[in-house]
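A.B. asks: Have a look at the structure that comes next, please.
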Amino acid sequence: MKRKLWIFMSLNDTETKEILDEFENLIYSNIGSYLLLEDPSINSIDPKNIEEKVLSNWMTFIFLNNPNFSLYFKLYYNHTDLRKIIQQVFKDNKKANDINFMSDYMKELSNTLGGRINEVLRDIGIDLIMSTPFIASGFDDLFLDKDKKEFGFKNIWKIKDNKYSFFFSIELKSSEPEDINKLKLMKGYERKDEIDLF
Amino acid sequence: MAINDFVVKNMTSKIIKMLEVSKGNIENIINSLPNAIAIIKNDGTIFSGNNKLAEILEIDQESLISDNFSNLFEKDNWAFFQSCLKEVEVNKKNHKEFSLQLNKINKKFNMPSTYLWDVFLYEKILDSGNKLFLIIGKDISEITHHQKELKNMNSKLEEMVELRTEKLREKTKDIANMLQSMKQGIFTILPDKTIHKEYSSHLEELFKDHNIVGKNALDFLFKESSLGGDKLNQMEASLSNILEQDIINFQINEDIFIKEYQKKINNKKRFLELDWNPILDEENCVEKVLVNVKDVTDFKELQ
């Protein structure tokens with residue numbers, strides 16, 4: 001009860017939605033061209049609706065934290081779709097069928113997105129250290145250690161076009177309600193494709 | 001980035017890479033196993049599964065998480081499977097093993113595939129408290145096919161034995177009827193030189209004896225007969241020479257066997273004719289000797 005009350009006191013629904021929209025814009029702006037998504041739609045999913053569901057077979061995961069604040073970014077994908085994307089980008093069958101190459105491709109994206117998130121949070125006074133990205137199965141996600149910090153929230157999105165679809169999630173946790181309040185300062189991230197790798 | 005941070009990050013990166021490789025190796029092993037492996041919830045939701053499971057479900061491995069384990073079974077069989085999951089969960093048994101048919105046809109044997117299922121309670125529990133199950137399935141369609149074949153063969157064999165027994169029973173009955181109605185004394189001599197229990201009823205009438213079974217055949221035939229001691233000894237020796245011996249011995253000794261003699265039966269002199277026939281076993285050895293006794297007294301008196 002205490003936790004819910006605190007969140008209510010620190011962030012109302014509109015404020016929470018605005019923060020989530022900022023993250024959504026940030027990811028949307030950076031993911032489309034990398035995953036060859038054409039004019040993708042993005043929808044927020046209530047975690048309760050997909051509770052205990054393996055979202056995709058694989059995920060790339062990056063962790064940003066300081067002693068009080070943690071952010072977990074996970075991007076869920078399937079090899080079937082990714083293979084097609086890599087084939088299209090590199091026109092190379094060998095790369096498209098190399099699981100290590102596929103993993104590195106997704107880690108690179110995860111690293112870039114983590115970096116962008118880190119920049120935005122640094123701008124509002126939350127300094128975080130970013131981990132190396134890593135790959136795990138979607139099933140492993142169900143049993144990763146849960147962050148026990150008292151304040152924060154989690155959201156899941158689905159981004160898709162008419163060919164491919166991906167899930168991603170952001171979980172923010174802090175032991176100090178002030179850190180969560182600081183997130184209200186995140187504003188105005190432009191919704192456009194920023195990564196131009198190809 | 002400070003040098004220390006760089007070193008730590010580099011080390012972490014390498015450790016993560018090693019863990020990923022190690023995990024990948026384990027997954028490769030699981031995927032190359034001939035058994036179907038799955039982690040499911042009691043409603044059949046698949047959380048993880050290997051290549052073999054995808055192959056049975058006729059989908060690619062990445063589609064397993066959007067499929068349901070119940071799609072492997074007919075409705076009744078899935079209900080049984082769920083009851084086994086419940087049993088493992090409620091009784092906290094280590095595991096349960098059972099065989100169950102799939103709704104997929106094994107093309108090699110043209111029959112529904114049968115799997116031997118091992119159900120274990122999975123060590124991790126979902127946040128909601130729902131339990132997961134580790135399922136291992138081994139294809140035993142070939143064994144089941146051979147078991148069915150064996151069962152069919154046994155059933156046919158039983159039918160055949162029954163038929164043969166019936167024929168044998170009929171034959172025995174015919175022979176018994178013949179033995180009852182023939183006006184000749186017929187009996188067989190066993191390897192221990194005694195009289196077999198199956199003999200013609202006329203034999204009792206002929207010898208005025210109702211207690212024939214198990215008697216020494218030569219005593220029975222030649223007691224109070226016209227034959228001297230030497231002849232009887234010769235006869236005894238010949239009989240010993242032929243029983244359980246090759247047929248050639250019978251042929252050599254055949255001339256020694258008494259063909260005609262006189263015997264007192266109820267103080268009356270009777271003329272008896274004997275006919276000796278060997279009964280052979282599979283190796284052409286004399287198993288028994290069939291003796292046919294004919295009372296020719298009336299004929300002799302007429303002469």
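Identifiers for the structure tokens are assigned positionally: chains receive A, B, ... in sequence, residues are indexed from 1 per chain, and ligands are indexed from 1 in the order shown.
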Within 9 Å of chain A, which residues of chain B are there when counting only C-alpha atoms? Please give them as number ranges by chain.
C.D. replies: B: 9-10, 12-13, 16-17, 20, 23, 45-48, 62-66, 124-128
A.B. asks: Segment 21-154 of chain A: which residues are strand (DSSP E) by DSSP, as an NGL selection string?
C.D. replies: :A and (41-45 or 58-65 or 69-77 or 129-130 or 134-137 or 151-154)
A.B. asks: Excluding Ala217 of chain B and any residue of its chain fewer than 2 positions from it, enumerate the residues within 8 Å of it, using only C-alpha atoms, and give them as an MDAnalysis selection string.
C.D. replies: chainID B and resid 189 193:195 215 219:221
A.B. asks: My list of candidates is A:Gly152, A:Pro67, A:Gly115, A:Gly125. Which is closest to Thr16 of chain A when distances are computed with only C-alpha atoms?
C.D. replies: A:Gly152
A.B. asks: Suppose you want the space between atom CA of Leu290 of chain B and atom CA of Leu302 of chain B; what is it in Å?
C.D. replies: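 Straight-line distance from atom CA of Leu290 of chain B to atom CA of Leu302 of chain B works out to 28.8 Å.
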A.B. asks: Please list as an NGL selection string every residue within 6 Å of segment 174-176 of chain A, counting only C-alpha atoms and excluding residues in the same chain fewer than 2 positions away.
C.D. replies: :A and (68-69 or 149-151 or 178-179)
A.B. asks: List the spatial neighbours of Leu121 of chain A as a list in words - criterion: any atom at most 9 Å away, only C-alpha atoms, same-chain residues fewer than 5 positions off excluded.
C.D. replies: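 Listed by chain and then number, they are Arg116, Ile126, Asp127, Leu128, Leu183 and Met186 of chain A.
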